[in-house]
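Participant: Would you mind keeping the following structure in view while I ask a few things?
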2 protein chains.
Amino acid sequence: MSRPTIIDVAKRAGVSKSLVSLVMRGAPNVSEEKRQRVLGVAADLGYRPNAVARSLVRQRTNLLGVLLSDLHNPFFAEVIDGIQAEAAERGYRTIIGTGDRVELSEARALDTMLELRTEGLILASPILPMRRIAEASREVPTVLVARGSRSASVDSVANDDTAGAALAVGHLASLGHRRIAHIDGGDGAGSRERRRGYERAMERHGLAGEARVVAGSYTEEGGWKGVRALFSRGRAPSAVFAANDLAAIGTLSALAERGLSVPEDVSVVGYDNTALAAAHHIHLTTVDQPRPEMGRTAVRLVLERLDGKRRAARHLLMPPSLVVRGTTAPPSNAPGKRRSR
Amino acid sequence: MSRPTIIDVAKRAGVSKSLVSLVMRGAPNVSEEKRQRVLGVAADLGYRPNAVARSLVRQRTNLLGVLLSDLHNPFFAEVIDGIQAEAAERGYRTIIGTGDRVELSEARALDTMLELRTEGLILASPILPMRRIAEASREVPTVLVARGSRSASVDSVANDDTAGAALAVGHLASLGHRRIAHIDGGDGAGSRERRRGYERAMERHGLAGEARVVAGSYTEEGGWKGVRALFSRGRAPSAVFAANDLAAIGTLSALAERGLSVPEDVSVVGYDNTALAAAHHIHLTTVDQPRPEMGRTAVRLVLERLDGKRRAARHLLMPPSLVVRGTTAPPSNAPGKRRSR
DNA sequence: CTGTTAGCGCTTTCAC
DNA sequence: GTGAAAGCGCTAACAG
């Protein structure tokens with residue numbers, strides 16, 4: 001026996017299916033008596049409204065799709081907190097998909113959401129090419145989170161990565177560091193901006209000659225490898241600005257493995273200010289971006305378009321701020337102290 | 001103008017809508033010429049199959065719902081890796097929902113998935129009461145991950161939490177610790193089993209008199225508060241077994257704040273062996289559960305029922321294993337070394 | 001308030 | 001191979 005439908009409920013309750021429909025949607029003008037009867041029968045039968053059928057006829061799903069590039073990064077969990085809160089308040093449901101940093105899976109997840117007819121799309125740091133994203137935005141309001149956009153059809157809410165990187169470099173420079181290296185975020189969203197922000201800031205502080213960027217990624221492994229590249233040849237830096245908190249943790253790990261202590265031998269700055277960075281045990285100096293607020297804002301941007309209140313693109317840039325914790329200190333000028341080469 | 005439908009494509013290509021349907025589903029018996037024509041028109045029009053309509057008529061969605069209790073815990077991200085991989089291989093799409101450790105939101109997320117007619121449900125450490133879960137399982141094959149079940153209708157794949165806790169205690173005891181405390185996981189999934197495993201193991205090692213359990217949760221904060229409870233009064237333990245890795249990190253943080261060093265003053269053991277624990281900088285001794293494999297297994301269990309291959313419940317218990325890293329060492333028997341009270 | 005009716009976009013027989 | 005027709009479960013008029 002298959003699942004009960006609205007018709008089964010109607011028959012059993014001795015009413016029309018329209019009435020059942022009204023009751024299920026909580027319409028006001030239904031007699032209390034019938035409402036109770038219908039609800040009772042529905043419960044008996046284990047009836048559950050079929051969102052598929054409803055969506056088809058209503059031509060709307062009440063669904064927002066959220067695509068994450070990487071479930072492993074707590075940054076996204078914190079953005080989602082804001083997304084879910086705002087979406088719930090505005091009467092939208094949310095489904096999450098992820099591509100796990102693989103373009104093909106991400107594309108598949110995107111297609112699934114589009115086929116499911118989500119009414120809006122929030123893409124958090126997708127690695128998908130802008131072309132694909134612009135295409136999606138022709139079908140449904142789309143907003144990019146933590147990835148910049150200049151597209152006229154895709155809104156975005158990001159933090160000012162360039163300014164954030166400058167904050168990190170400024171802090172380190174003011175502490176007296178000169179050999180400040182950057183482990184970048186590879187092809188990750190905002191990575192290029194952070195890199196450029198770093199480079200420009202180094203110039204502004206008269207440290208252009210000391211600038212050094214090595215390839216990394218927005219993962220622990222990225223930070224770990226960056227340290228290997230940085231310390232295996234050339235002159236070792238006295239401070240490292242990692243692409244994000246995860247990479248910073250990888251950096252801390254790799255440094256520990258080399259017998260270098262933080263912040264005595266090397267200072268480290270991350271980016272994002274995830275809960276991880278705040279954990280006292282890690283206590284990472286980092287650049288904060290307002291993660292839940294970015295999530296809420298993303299939902300608002302989507303709904304503005306959905307409600308037809310706006311056609312022009314909006315590209316919001318939130319100001320980042322520096323959070324100084326325990327992984328930064330003035331450079332030690334006693335080279336003998338450094339145990340590793 | 002609204003979205004193009006199969007009819008628009010058919011008209012424009014000068015064929016019937018059945019033919020378009022066949023082409024879109026990749027049917028074999030369609031002339032190459034028409035196939036190309038249809039595909040071309042579909043691309044021109046930006047046609048995208050409507051999964052809502054398709055699901056309604058086919059009476060299947062090809063969708064698996066995954067409900068996570070907490071996006072912030074990397075444990076789940078690692079389980080999801082396995083889920084997505086297996087689901088993709090078996091031709092199923094996946095949508096993720098989360099309740100962020102709030103029962104009401106979790107219930108809502110569950111309802112959304114059921115209304116969307118996901119064909120199977122994977123619930124990772126839900127905090128929902130078993131009654132609600134059993135109800136869901138009457139609608140659709142449901143499997144619990146990392147939470148035990150004795151239900152006849154709900155399958156489960158978990159690790160042997162009792163055995164895992166014993167592993168942790170055994171390791172600590174063999175190191176010479178006697179005052180081994182446990183910060184529990186509150187009402188989290190598996191928390192009770194770990195607590196009982198701890199208590200029994202303490203007894204077996206003749207340490208029943210030293211056993212001490214304080215309330216915590218599966219979060220950093222839980223570990224942090226546990227330490228406060230543990231060290232603010234009574235005799236301080238020389239080792240702490242935290243409910244999971246996140247709580248262990250909170251434990252490490254709180255210990256650091258009190259000026260206690262790990263493992264010199266206090267040994268710490270976590271649970272899960274998430275990537276976090278493995279990070280060299282944290283380097284946490286912990287109990288491993290095979291996270292991605294648990295995810296894959298969960299998908300298999302769901303599909304077994306979906307394919308009608310099984311009616312009896314299966315409750316799988318994976319063996320945990322100990323991973324010794326840097327946060328455990330023999331107890332220091334020089335009490336004067338302890339700076340905090 | 002209640003029942004009837006006409007689809008939503010698509011798949012699936014079943015003739016041709 | 002191809003097209004016509006009959007719904008999937010539900011909502012939204014509309015007339016009682």
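Within each chain, counting starts at residue 1; across the structure tokens, chains are named A, B, ... in the order shown, with ligands numbered 1 upward in that order.
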Restrict the distance test to only C-alpha atoms (C1' of nucleotides), flag each residue of chain C within 12 Å of chain A, and return the flagged residues as JSON, numbers by chain.
Facilitator: {"C": [1, 2, 3, 4, 5, 6, 7, 8, 9, 10]}
Participant: Can you write just those residues out, C-alpha atoms (C1' of nucleotides), as a PDB file, in the first residue's frame?
Facilitator:
ATOM      1  C1'  DC C   1     -18.087  26.815   3.862  1.00  0.00           C
ATOM      2  C1'  DT C   2     -18.043  22.858   0.056  1.00  0.00           C
ATOM      3  C1'  DG C   3     -17.478  20.453  -4.286  1.00  0.00           C
ATOM      4  C1'  DT C   4     -16.047  20.692  -9.191  1.00  0.00           C
ATOM      5  C1'  DT C   5     -12.790  21.648 -12.523  1.00  0.00           C
ATOM      6  C1'  DA C   6      -8.614  22.572 -14.836  1.00  0.00           C
ATOM      7  C1'  DG C   7      -4.185  22.170 -14.974  1.00  0.00           C
ATOM      8  C1'  DC C   8       1.427  22.360 -13.116  1.00  0.00           C
ATOM      9  C1'  DG C   9       5.606  19.597 -16.385  1.00  0.00           C
ATOM     10  C1'  DC C  10       6.705  15.390 -17.044  1.00  0.00           C
TER      11       DC C  10
END
Participant: Residues within 9 Å of Ser137 of chain A, please, as a ChimeraX atom specification. Count only C-alpha atoms (C1' of nucleotides); anything in the same chain fewer than 4 positions from it doesn't count.
Facilitator: /A:120-121,132-133,141-143,153-154
Participant: Hey, can you spit out that residue selection with N, CA and C atoms as a short mmCIF file (atom, residue, chain, number, x, y, z; two decimals), in the first residue's frame?
Facilitator:
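again.cif was written with the following content:
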data_model
loop_
_atom_site.label_atom_id
_atom_site.label_comp_id
_atom_site.auth_asym_id
_atom_site.auth_seq_id
_atom_site.Cartn_x
_atom_site.Cartn_y
_atom_site.Cartn_z
N GLY A 120 16.18 30.31 -4.93
CA GLY A 120 17.34 31.19 -4.87
C GLY A 120 18.56 30.35 -4.55
N LEU A 121 19.72 30.88 -4.89
CA LEU A 121 20.94 30.12 -4.72
C LEU A 121 21.97 30.95 -3.95
N ARG A 132 29.64 29.54 -15.35
CA ARG A 132 28.59 28.64 -14.86
C ARG A 132 27.68 29.35 -13.86
N ILE A 133 28.30 30.18 -13.05
CA ILE A 133 27.52 30.87 -12.03
C ILE A 133 26.59 31.89 -12.67
N PRO A 141 17.67 33.85 -8.70
CA PRO A 141 18.53 34.83 -8.03
C PRO A 141 19.70 34.12 -7.34
N THR A 142 20.88 34.60 -7.60
CA THR A 142 22.07 33.93 -7.11
C THR A 142 22.99 34.91 -6.41
N VAL A 143 23.47 34.53 -5.27
CA VAL A 143 24.42 35.40 -4.58
C VAL A 143 25.65 34.63 -4.15
N SER A 153 24.52 40.22 -12.85
CA SER A 153 23.36 39.39 -12.51
C SER A 153 23.57 38.61 -11.22
N VAL A 154 24.80 38.58 -10.75
CA VAL A 154 25.10 37.82 -9.54
C VAL A 154 25.48 38.77 -8.41
#
Participant: Would you please give, as a VMD selection string, all residues of segment 87-319 of chain B that DSSP assigns to alpha helix (DSSP H) based on the backbone?
Facilitator: chain B and resid 87 to 89 103 to 115 130 to 139 161 to 174 191 to 204 220 to 232 245 to 257 275 to 278 291 to 306
Participant: Could you write out that same residue set with C-alpha atoms as an mmCIF file, in the first residue's frame?
Facilitator:
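Generated output (out.cif):
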data_model
loop_
_atom_site.group_PDB
_atom_site.id
_atom_site.type_symbol
_atom_site.label_atom_id
_atom_site.label_comp_id
_atom_site.auth_asym_id
_atom_site.auth_seq_id
_atom_site.Cartn_x
_atom_site.Cartn_y
_atom_site.Cartn_z
ATOM 1 C CA ALA B 87 25.509 7.782 -3.087
ATOM 2 C CA ALA B 88 27.035 9.160 -6.278
ATOM 3 C CA GLU B 89 28.316 5.731 -7.241
ATOM 4 C CA GLU B 103 15.611 19.837 18.436
ATOM 5 C CA LEU B 104 12.974 22.017 16.864
ATOM 6 C CA SER B 105 15.115 22.986 13.901
ATOM 7 C CA GLU B 106 16.122 19.406 13.479
ATOM 8 C CA ALA B 107 12.499 18.332 13.389
ATOM 9 C CA ARG B 108 11.786 20.969 10.796
ATOM 10 C CA ALA B 109 14.689 19.876 8.656
ATOM 11 C CA LEU B 110 13.447 16.307 8.903
ATOM 12 C CA ASP B 111 9.961 17.322 7.825
ATOM 13 C CA THR B 112 11.332 19.233 4.888
ATOM 14 C CA MET B 113 13.171 16.159 3.678
ATOM 15 C CA LEU B 114 10.177 13.928 4.120
ATOM 16 C CA GLU B 115 7.907 16.356 2.293
ATOM 17 C CA MET B 130 13.690 7.972 19.002
ATOM 18 C CA ARG B 131 9.938 8.174 18.645
ATOM 19 C CA ARG B 132 10.182 10.788 15.890
ATOM 20 C CA ILE B 133 12.856 8.785 14.173
ATOM 21 C CA ALA B 134 10.834 5.599 14.265
ATOM 22 C CA GLU B 135 7.943 7.513 12.761
ATOM 23 C CA ALA B 136 10.127 8.732 9.939
ATOM 24 C CA SER B 137 11.298 5.193 9.324
ATOM 25 C CA ARG B 138 7.744 4.172 8.569
ATOM 26 C CA GLU B 139 7.758 6.523 5.648
ATOM 27 C CA ASP B 161 31.432 3.593 22.070
ATOM 28 C CA THR B 162 31.738 1.450 25.159
ATOM 29 C CA ALA B 163 34.775 -0.311 23.759
ATOM 30 C CA GLY B 164 36.227 2.999 22.587
ATOM 31 C CA ALA B 165 35.932 4.515 26.018
ATOM 32 C CA ALA B 166 37.606 1.426 27.446
ATOM 33 C CA LEU B 167 40.456 1.910 24.992
ATOM 34 C CA ALA B 168 40.958 5.447 26.243
ATOM 35 C CA VAL B 169 40.870 4.470 29.896
ATOM 36 C CA GLY B 170 43.093 1.455 29.301
ATOM 37 C CA HIS B 171 45.711 3.599 27.617
ATOM 38 C CA LEU B 172 45.703 6.137 30.410
ATOM 39 C CA ALA B 173 45.757 3.482 33.121
ATOM 40 C CA SER B 174 48.637 1.664 31.475
ATOM 41 C CA SER B 191 27.429 9.931 25.087
ATOM 42 C CA ARG B 192 25.851 7.538 27.534
ATOM 43 C CA GLU B 193 27.698 4.573 26.074
ATOM 44 C CA ARG B 194 31.012 6.355 26.329
ATOM 45 C CA ARG B 195 30.253 7.291 29.888
ATOM 46 C CA ARG B 196 29.353 3.742 30.812
ATOM 47 C CA GLY B 197 32.351 2.396 28.967
ATOM 48 C CA TYR B 198 34.472 4.755 30.994
ATOM 49 C CA GLU B 199 32.885 3.723 34.276
ATOM 50 C CA ARG B 200 33.183 0.037 33.608
ATOM 51 C CA ALA B 201 36.752 0.321 32.470
ATOM 52 C CA MET B 202 37.625 2.267 35.585
ATOM 53 C CA GLU B 203 36.168 -0.575 37.617
ATOM 54 C CA ARG B 204 38.073 -3.192 35.697
ATOM 55 C CA GLU B 220 34.505 22.980 22.543
ATOM 56 C CA GLU B 221 32.506 24.798 25.101
ATOM 57 C CA GLY B 222 31.509 21.501 26.676
ATOM 58 C CA GLY B 223 35.147 20.590 27.183
ATOM 59 C CA TRP B 224 35.953 24.032 28.466
ATOM 60 C CA LYS B 225 33.212 23.957 31.062
ATOM 61 C CA GLY B 226 34.086 20.412 32.025
ATOM 62 C CA VAL B 227 37.561 21.520 32.994
ATOM 63 C CA ARG B 228 36.161 24.314 35.049
ATOM 64 C CA ALA B 229 33.966 21.865 36.959
ATOM 65 C CA LEU B 230 36.818 19.409 37.333
ATOM 66 C CA PHE B 231 39.515 21.755 38.549
ATOM 67 C CA SER B 232 37.571 24.258 40.570
ATOM 68 C CA ASP B 245 37.732 15.758 19.810
ATOM 69 C CA LEU B 246 35.970 19.080 19.909
ATOM 70 C CA ALA B 247 35.463 18.803 23.657
ATOM 71 C CA ALA B 248 39.085 17.717 23.936
ATOM 72 C CA ILE B 249 40.166 20.911 22.233
ATOM 73 C CA GLY B 250 38.036 22.884 24.621
ATOM 74 C CA THR B 251 39.710 20.919 27.375
ATOM 75 C CA LEU B 252 43.161 21.781 26.066
ATOM 76 C CA SER B 253 42.173 25.425 25.894
ATOM 77 C CA ALA B 254 40.834 25.531 29.426
ATOM 78 C CA LEU B 255 43.862 23.704 30.732
ATOM 79 C CA ALA B 256 46.155 26.181 29.023
ATOM 80 C CA GLU B 257 44.229 29.039 30.566
ATOM 81 C CA ALA B 275 41.374 15.828 10.936
ATOM 82 C CA LEU B 276 41.537 18.379 13.707
ATOM 83 C CA ALA B 277 42.978 15.879 16.160
ATOM 84 C CA ALA B 278 45.520 14.819 13.602
ATOM 85 C CA ARG B 291 34.115 8.065 9.596
ATOM 86 C CA PRO B 292 33.941 7.895 5.804
ATOM 87 C CA GLU B 293 33.378 4.160 5.935
ATOM 88 C CA MET B 294 30.490 4.711 8.306
ATOM 89 C CA GLY B 295 29.009 7.113 5.773
ATOM 90 C CA ARG B 296 29.358 4.635 2.929
ATOM 91 C CA THR B 297 27.864 1.907 5.025
ATOM 92 C CA ALA B 298 24.906 4.067 5.923
ATOM 93 C CA VAL B 299 24.120 4.555 2.249
ATOM 94 C CA ARG B 300 24.384 0.834 1.636
ATOM 95 C CA LEU B 301 21.993 0.086 4.449
ATOM 96 C CA VAL B 302 19.447 2.542 3.085
ATOM 97 C CA LEU B 303 19.710 1.132 -0.405
ATOM 98 C CA GLU B 304 19.370 -2.448 0.772
ATOM 99 C CA ARG B 305 15.971 -1.578 2.110
ATOM 100 C CA LEU B 306 15.073 0.596 -0.841
#
Participant: I'd like to know which residues of segment 30-213 of chain B are strand (DSSP E) (by DSSP, run on the backbone); could you write them as a ChimeraX atom specification?
Facilitator: /B:63-68,93-98,120-124,142-145,154-159,180-183,212-213
Participant: Given the selection you just returned, output its residues as a file containing C-alpha atoms, formatted as an mmCIF file, in the first residue's frame.
Facilitator:
data_model
loop_
_atom_site.group_PDB
_atom_site.id
_atom_site.type_symbol
_atom_site.label_atom_id
_atom_site.label_comp_id
_atom_site.auth_asym_id
_atom_site.auth_seq_id
_atom_site.Cartn_x
_atom_site.Cartn_y
_atom_site.Cartn_z
ATOM 1 C CA LEU B 63 17.226 11.814 -3.539
ATOM 2 C CA LEU B 64 18.743 10.809 -0.240
ATOM 3 C CA GLY B 65 18.339 13.126 2.714
ATOM 4 C CA VAL B 66 21.185 13.596 5.138
ATOM 5 C CA LEU B 67 20.467 15.236 8.429
ATOM 6 C CA LEU B 68 23.382 16.462 10.501
ATOM 7 C CA ARG B 93 21.677 12.607 -5.301
ATOM 8 C CA THR B 94 22.068 13.951 -1.842
ATOM 9 C CA ILE B 95 20.703 16.901 0.049
ATOM 10 C CA ILE B 96 21.923 17.962 3.446
ATOM 11 C CA GLY B 97 19.958 19.520 6.233
ATOM 12 C CA THR B 98 20.946 20.507 9.706
ATOM 13 C CA GLY B 120 16.016 7.443 2.209
ATOM 14 C CA LEU B 121 17.183 9.214 5.297
ATOM 15 C CA ILE B 122 20.559 9.229 6.954
ATOM 16 C CA LEU B 123 20.532 10.825 10.353
ATOM 17 C CA ALA B 124 23.930 11.591 11.775
ATOM 18 C CA THR B 142 16.118 5.416 7.753
ATOM 19 C CA VAL B 143 19.548 4.804 9.163
ATOM 20 C CA LEU B 144 21.212 6.284 12.150
ATOM 21 C CA VAL B 145 24.883 7.118 12.035
ATOM 22 C CA VAL B 154 15.709 1.909 11.957
ATOM 23 C CA ASP B 155 19.097 0.602 10.915
ATOM 24 C CA SER B 156 22.216 1.979 12.465
ATOM 25 C CA VAL B 157 25.910 2.157 11.974
ATOM 26 C CA ALA B 158 27.919 3.295 14.910
ATOM 27 C CA ASN B 159 31.169 2.538 16.513
ATOM 28 C CA ILE B 180 41.250 9.744 35.287
ATOM 29 C CA ALA B 181 38.219 11.981 34.851
ATOM 30 C CA HIS B 182 35.636 12.004 32.105
ATOM 31 C CA ILE B 183 33.962 15.054 30.597
ATOM 32 C CA ARG B 212 34.718 11.160 38.222
ATOM 33 C CA VAL B 213 32.358 12.297 35.517
#
Participant: Quick one: which chain D residues come within 12 Å of chain A, and what is the nearest atom pair for each with the distance in Å to one decimal, counting only C-alpha atoms (C1' of nucleotides), rows ordered by chain and ascending number, as CSV?
Facilitator:
residue,atom,partner,partner_atom,distance
D:DC8,C1',A:Ala53,CA,7.9
D:DG9,C1',A:Ala53,CA,5.0
D:DC10,C1',A:Arg54,CA,5.0
D:DT11,C1',A:Val57,CA,6.1
D:DA12,C1',A:Arg58,CA,9.0
D:DA13,C1',A:Ser18,CA,11.6
Participant: Expressed in Å to a single decimal, how great is the separation between atom CA of Arg233 of chain B and atom CA of Tyr218 of chain B?
Facilitator: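 The value is 22.8 Å.
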